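Q: Handing over structure_14.cif, mmCIF, C-alpha atoms.
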data_upload
#
loop_
_atom_site.group_PDB
_atom_site.id
_atom_site.type_symbol
_atom_site.label_atom_id
_atom_site.label_comp_id
_atom_site.auth_asym_id
_atom_site.auth_seq_id
_atom_site.Cartn_x
_atom_site.Cartn_y
_atom_site.Cartn_z
ATOM 1 C CA MET A 1 0.000 0.000 0.000
ATOM 2 C CA SER A 2 2.786 2.442 0.833
ATOM 3 C CA ALA A 3 4.397 1.850 -2.586
ATOM 4 C CA LEU A 4 1.099 2.793 -4.237
ATOM 5 C CA ILE A 5 0.859 5.960 -2.138
ATOM 6 C CA ASP A 6 4.426 6.861 -3.098
ATOM 7 C CA GLU A 7 3.592 6.360 -6.761
ATOM 8 C CA VAL A 8 0.446 8.522 -6.517
ATOM 9 C CA ARG A 9 2.549 11.280 -4.949
ATOM 10 C CA ARG A 10 4.675 11.299 -8.121
ATOM 11 C CA GLU A 11 1.896 10.986 -10.709
ATOM 12 C CA PRO A 12 -1.733 9.876 -11.127
ATOM 13 C CA VAL A 13 -2.275 6.115 -11.151
ATOM 14 C CA MET A 14 -4.837 4.558 -13.512
ATOM 15 C CA ILE A 15 -6.728 1.543 -12.217
ATOM 16 C CA ARG A 16 -7.958 -0.755 -14.955
ATOM 17 C CA ARG A 17 -10.631 -3.417 -14.844
ATOM 18 C CA GLN A 18 -11.337 -5.839 -17.661
ATOM 19 C CA ASN A 19 -9.106 -3.883 -20.068
ATOM 20 C CA GLY A 20 -10.903 -0.615 -19.344
ATOM 21 C CA ASP A 21 -10.078 2.402 -17.217
ATOM 22 C CA ALA A 22 -12.010 2.151 -13.937
ATOM 23 C CA ALA A 23 -10.559 4.854 -11.689
ATOM 24 C CA VAL A 24 -7.677 7.247 -11.206
ATOM 25 C CA LEU A 25 -5.828 7.772 -7.954
ATOM 26 C CA ILE A 26 -4.369 11.243 -7.482
ATOM 27 C CA ALA A 27 -2.555 13.043 -4.709
ATOM 28 C CA PRO A 28 -4.677 15.160 -2.368
ATOM 29 C CA GLU A 29 -2.957 18.324 -3.591
ATOM 30 C CA ASP A 30 -3.947 17.535 -7.183
ATOM 31 C CA TYR A 31 -7.511 16.807 -6.104
ATOM 32 C CA GLU A 32 -7.781 20.145 -4.279
ATOM 33 C CA ARG A 33 -6.350 21.985 -7.297
ATOM 34 C CA LEU A 34 -8.855 20.334 -9.640
ATOM 35 C CA CYS A 35 -11.774 21.103 -7.327
ATOM 36 C CA ALA A 36 -10.744 24.743 -7.029
ATOM 37 C CA ARG A 37 -10.420 25.023 -10.796
ATOM 38 C CA ASN A 38 -13.902 23.556 -11.292
ATOM 39 C CA VAL A 39 -15.379 26.049 -8.843
ATOM 40 C CA GLU A 40 -13.634 28.929 -10.623
ATOM 41 C CA GLU A 41 -14.831 27.751 -14.043
ATOM 42 C CA PHE A 42 -18.400 27.344 -12.778
ATOM 43 C CA GLN A 43 -18.324 30.857 -11.305
ATOM 44 C CA ARG A 44 -17.115 32.287 -14.634
ATOM 45 C CA PHE A 45 -19.940 30.429 -16.391
ATOM 46 C CA CYS A 46 -22.504 31.837 -13.945
ATOM 47 C CA ASP A 47 -21.105 35.343 -14.394
ATOM 48 C CA ARG A 48 -21.420 35.051 -18.198
ATOM 49 C CA ILE A 49 -25.010 33.834 -17.929
ATOM 50 C CA ALA A 50 -25.901 36.611 -15.486
ATOM 51 C CA LYS A 51 -24.462 39.254 -17.842
ATOM 52 C CA ARG A 52 -26.423 37.853 -20.787
ATOM 53 C CA ALA A 53 -29.621 37.722 -18.749
ATOM 54 C CA ALA A 54 -29.138 41.296 -17.519
ATOM 55 C CA ALA A 55 -28.517 42.479 -21.091
ATOM 56 C CA ARG A 56 -31.903 41.009 -22.004
ATOM 57 C CA GLY A 57 -33.658 42.698 -19.091
ATOM 58 C CA LEU A 58 -33.812 39.743 -16.725
ATOM 59 C CA THR A 59 -33.189 41.222 -13.294
ATOM 60 C CA PRO A 60 -32.849 39.152 -10.118
ATOM 61 C CA ASP A 61 -36.325 40.351 -9.065
ATOM 62 C CA LYS A 62 -37.831 39.306 -12.406
ATOM 63 C CA LEU A 63 -36.175 35.908 -12.119
ATOM 64 C CA VAL A 64 -37.669 35.372 -8.671
ATOM 65 C CA GLU A 65 -41.058 36.431 -10.053
ATOM 66 C CA LEU A 66 -40.788 33.969 -12.931
ATOM 67 C CA LEU A 67 -39.671 31.128 -10.674
ATOM 68 C CA THR A 68 -42.412 31.681 -8.110
ATOM 69 C CA ASP A 69 -45.228 32.372 -10.569
ATOM 70 C CA GLU A 70 -47.786 29.587 -10.355
ATOM 71 C CA ALA A 71 -50.057 30.830 -13.144
#
Could you express the structure from this file as structure tokens?

A:
Amino acid sequence: MSALIDEVRREPVMIRRQNGDAAVLIAPEDYERLCARNVEEFQRFCDRIAKRAAARGLTPDKLVELLTDEA
């Protein structure tokens, strides 16, 4: 087990099952970096959508109105 941990510290380790990729083991630092990057990319996506919606007149109040309208 310790040899596997040492290897993961150097580079990601692919686990294969029945000739197919099943999982990847990565170091905790790499995992944290990937998670942070995903959060940043999602925030940029949300910011782009919000700008487009605002340019089309969709304010936060109007959005709430649309989402709570039961008519």

Q: Which residue gives the smallest distance to A:Tyr31 among A:Arg56, A:Glu11, A:Ala3, A:Lys62, with only C-alpha atoms counted?

A: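 Under the stated criterion, the closest residue is A:Glu11.
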
Q: Box along x, y and z, 8 Å on every side, all listed atoms of stretch 54-64 of chain A inside: centre and edge lengths in Å to one decimal, as AutoDock Vina command-line options.

A:
--center_x -33.2 --center_y 39.0 --center_z -15.3 --size_x 25.3 --size_y 23.3 --size_z 29.3

Q: Would you mind telling me which residue in A:Arg52, A:Ile26, A:Cys46, A:Met1 lies nearest to A:Val13 when using all atoms listed in the file?

A: A:Ile26

Q: So the first atom is atom CA of A:Pro12 and the second is atom CA of A:Pro28; what is the distance between them in Å, to one decimal place?

A: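 Going from atom CA of A:Pro12 over to atom CA of A:Pro28, I get 10.6 Å.
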
Q: With distances taken over all atoms listed in the file, which residue among A:Ala27, A:Asn38, A:Pro60, A:Phe45 lies nearest A:Leu4?

A: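 The shortest atom-to-atom distance to A:Leu4 comes from A:Ala27.
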
Q: What gap, in Å, lies between atom CA of A:Arg9 and atom CA of A:Ala36?

A: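 So the answer is 19.0 Å.
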
Q: Closest to A:Leu25 among A:Thr59, A:Arg10, A:Phe42, A:Asp47, using only C-alpha atoms?

A: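 Using only C-alpha atoms, the shortest distance to A:Leu25 belongs to A:Arg10.
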
Q: Would you work out the distance separating atom CA of A:Glu32 from atom CA of A:Gly20, expressed in Å to one decimal?

A: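 Taking atom CA of A:Glu32 as the start and atom CA of A:Gly20 as the end point, the length is 25.8 Å.
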